[in-house]
Amino acid sequence: METVLQVHNVQKYYGSKGRGMGTAMTKALDGVSFDVRKGEFIAIMGTSGSGKSTLLNCISTIDRPTAGQIVVDGRDVTSMRQRDLSRFRRERLGFVFQDSNLLDTLTGEENVALALTINRVSPKEIPGRVEQVAAMLDVADVLKKYPYQMSGGQRQRIACARAIVTRPAIVLADEPTGALDSKNSRLLLGSLADLNRQGATILMVTHDSYAASWSSRVLFIKDGRIFNELSRGDESRQQFFQKIMDVVSFMGGEAADVR
Ligand SMILES: Nc1ncnc2c1ncn2[C@@H]1O[C@H](COP(=O)(O)OP(=O)(O)OP(=O)(O)O)[C@@H](O)[C@H]1O
C-alpha cells in the first residue's frame, strides 16, 4: 500500500538551548517516527502538553520541526519553500478544526465551492463535486443555509465536505468533535469513518478515547514520544474503545483528559 505520510525522527524544541544554565527549552517532540498508508484512519492521542498540536502543526506545514523529516504525498515538506508550501497545503491537504471555521457570509454550498475555486477547478465541474460530497456527508439539505442557520453538527459536516472536496492526499483533523455534544460527535465520527471507507486517508488528533475508537489505528504520544500503538484489526469498535481506555489509564491520563 502506498505511503501518504512519513514522519522520520522529528524533533521540535521551543526556546533556545543557549550556553548558560537555566535556559528555558521545551522538547515538545523528541524523536517521533511513524508512517501512514493510503486509506488509513489514524488517531493520535495524548494528554495535554504531550505534543499533539506541535506534531499536527509540523505535519500540516504550519510549523517546521527542529530536526527530522516529514514526507507528505511524496514531497519533503520540511525542506519546501514557504511559497510552495501554501500551494501544497491548499491542493494536497484537507483541514478540519475544532471550530468549523466556515466563512459566515457564505452559504454552506459557497463555502465548499470556494475550496475548489481557489484550486482553479473548472466552474463547470464545481456544482457536481459539491453535490457529491454533500450527499456523502448528509448535508445536501443545508447547502443553501448560512453557517449561523446550521446546527454545530451540520457546520462540522460542511467543514468536512470542504476538506474532502479537493480530494486531498490526507485530511488532518484537530479535535474535530471537541465542540460537539455526544450525538453530533457520533454523527461526525460516523461521517469521517464513511469518508475513510470510501478511500480518504485521515489523521485525527484527539484526547478523547471514544473519538479515537472510530479510527483504524491509534498512536499514543507522551512527553513528545510515541509511547504505544494499537490497531483495531477485526475488533468491534466497543472492544477497541476498551483497549484504548486501558492504554490511556496505563499512561496515567487524568480523568479530565479521558472525558
Ligand atoms: N510556542 C511555544 N513555545 C514554547 N513552548 C511551547 C510552544 N508551543 C507548545 N509548547 C510546549 O510544548 C509542549 C507540547 O505542547 P502541545 O501544544 O504540542 O501539546 P498538546 O498535546 O497539543 O496539548 P493540548 O492537548 O493541551 O493542546 C508543551 O510542554 C507546551 O508547553
# chains A, B, ... in the order shown; residues from 1 in each chain; ligands from 1
call {"tool": "residues_near_ligand", "arguments": {"ligand": "ligand 1", "cutoff": "10 Å", "atoms": "only C-alpha atoms and all ligand atoms", "output": "count of residues only"}}
result
37
call {"tool": "select_by_dssp", "arguments": {"residues": "stretch 60-133 of chain A", "states": "strand (DSSP E)", "output": "list in words"}}
result
Ala67, Gly68, Gln69, Ile70, Val71, Val72, Arg75, Asp76, Leu93, Gly94, Phe95 and Val96 of chain A
call {"tool": "closest_atom_pairs", "arguments": {"of": "stretch 84-127 of chain A", "to": "stretch 158-170 of chain A", "cutoff": "7 Å", "atoms": "only C-alpha atoms", "output": "CSV"}}
result
residue,atom,partner,partner_atom,distance
A:Glu91,CA,A:Pro168,CA,6.6
A:Arg92,CA,A:Pro168,CA,4.4
A:Leu93,CA,A:Pro168,CA,4.9
A:Gly94,CA,A:Ala163,CA,4.3
A:Phe95,CA,A:Ala163,CA,5.4
A:Val96,CA,A:Cys160,CA,6.1
A:Ser100,CA,A:Ala159,CA,5.5
A:Leu102,CA,A:Ala159,CA,6.7
A:Gly108,CA,A:Ile158,CA,6.4
A:Asn111,CA,A:Arg162,CA,6.9
A:Val112,CA,A:Arg162,CA,4.4
A:Ala115,CA,A:Arg162,CA,6.4
A:Leu116,CA,A:Thr166,CA,6.1
call {"tool": "write_last_selection", "arguments": {"atoms": "N, CA and C atoms", "output": "CSV table (one decimal), in the first residue's frame"}}
result
chain,number,residue,atom,x,y,z
A,91,GLU,N,-3.7,22.4,-2.0
A,91,GLU,CA,-4.0,21.4,-3.0
A,91,GLU,C,-4.0,20.0,-2.5
A,92,ARG,N,-3.1,19.7,-1.5
A,92,ARG,CA,-2.9,18.3,-1.1
A,92,ARG,C,-3.4,18.0,0.3
A,93,LEU,N,-3.7,19.0,1.1
A,93,LEU,CA,-4.1,18.8,2.5
A,93,LEU,C,-5.5,19.2,2.7
A,94,GLY,N,-6.3,18.5,3.5
A,94,GLY,CA,-7.6,18.9,3.9
A,94,GLY,C,-7.6,19.1,5.4
A,95,PHE,N,-8.3,20.2,5.8
A,95,PHE,CA,-8.2,20.5,7.3
A,95,PHE,C,-9.6,20.5,7.9
A,96,VAL,N,-9.8,19.9,9.1
A,96,VAL,CA,-11.0,20.1,9.9
A,96,VAL,C,-10.5,20.5,11.3
A,100,SER,N,-15.6,25.0,13.2
A,100,SER,CA,-15.7,24.7,11.8
A,100,SER,C,-14.9,25.7,10.9
A,102,LEU,N,-16.0,28.1,9.1
A,102,LEU,CA,-16.6,28.4,7.8
A,102,LEU,C,-16.7,29.9,7.7
A,108,GLY,N,-23.4,27.3,2.9
A,108,GLY,CA,-22.7,26.0,3.0
A,108,GLY,C,-22.1,25.7,1.6
A,111,ASN,N,-19.2,27.9,0.7
A,111,ASN,CA,-18.0,27.6,1.5
A,111,ASN,C,-17.3,26.4,0.9
A,112,VAL,N,-18.1,25.3,0.5
A,112,VAL,CA,-17.4,24.1,-0.1
A,112,VAL,C,-16.9,24.4,-1.5
A,115,ALA,N,-13.4,26.2,-1.9
A,115,ALA,CA,-12.1,25.4,-1.8
A,115,ALA,C,-11.7,24.9,-3.3
A,116,LEU,N,-12.7,24.7,-4.1
A,116,LEU,CA,-12.4,24.3,-5.5
A,116,LEU,C,-12.0,25.5,-6.4
call {"tool": "residues_around", "arguments": {"residues": "A:Arg37", "least_positions_apart": "5", "cutoff": "8 Å", "atoms": "only C-alpha atoms", "output": "list in words"}}
result
Met1, Glu2, Thr3, Val4, Leu5 and Thr201 of chain A
call {"tool": "atom_distance", "arguments": {"atom1": "atom CA of A:Gln238", "atom2": "atom CA of A:Val36"}}
result
23.5 Å
call {"tool": "atom_distance", "arguments": {"atom1": "atom CA of A:Pro176", "atom2": "atom CA of A:Met80"}}
result
27.6 Å
call {"tool": "residues_around", "arguments": {"residues": "A:Ser216", "least_positions_apart": "3", "cutoff": "12 Å", "atoms": "only C-alpha atoms", "output": "ChimeraX atom specification"}}
result
/A:36-37,39-44,192-193,196-197,201-204,211-213,219,229-237,240-241,244
call {"tool": "residues_around", "arguments": {"residues": "A:Leu187", "least_positions_apart": "4", "cutoff": "10 Å", "atoms": "only C-alpha atoms", "output": "NGL selection string"}}
result
:A and (137-138 or 153-154 or 156-157 or 177 or 180 or 182-183 or 191-193)
call {"tool": "closest_residue", "arguments": {"among": "A:Glu110, A:Gly152, A:Glu131, A:Ser209", "to": "A:Leu188", "atoms": "only C-alpha atoms"}}
result
A:Gly152
call {"tool": "residues_around", "arguments": {"residues": "A:Val71", "least_positions_apart": "6", "cutoff": "7 Å", "atoms": "only C-alpha atoms", "output": "JSON list (two decimals) with C-alpha atoms, in the first residue's frame"}}
result
[["chain", "number", "residue", "atom", "x", "y", "z"],
["A", 5, "LEU", "CA", 2.79, 10.34, 5.24],
["A", 6, "GLN", "CA", 6.26, 9.54, 6.59],
["A", 7, "VAL", "CA", 7.43, 11.11, 9.82],
["A", 77, "VAL", "CA", 7.64, 19.39, 3.39]]
call {"tool": "select_by_dssp", "arguments": {"residues": "stretch 16-182 of chain A", "states": "helix (DSSP H, G or I)", "output": "VMD selection string"}}
result
chain A and resid 52 to 59 77 to 79 82 to 92 108 to 118 126 to 136 140 to 142 147 to 149 152 to 164 182
call {"tool": "atom_distance", "arguments": {"atom1": "atom CA of A:Ala179", "atom2": "atom CA of A:Phe97"}}
result
9.9 Å
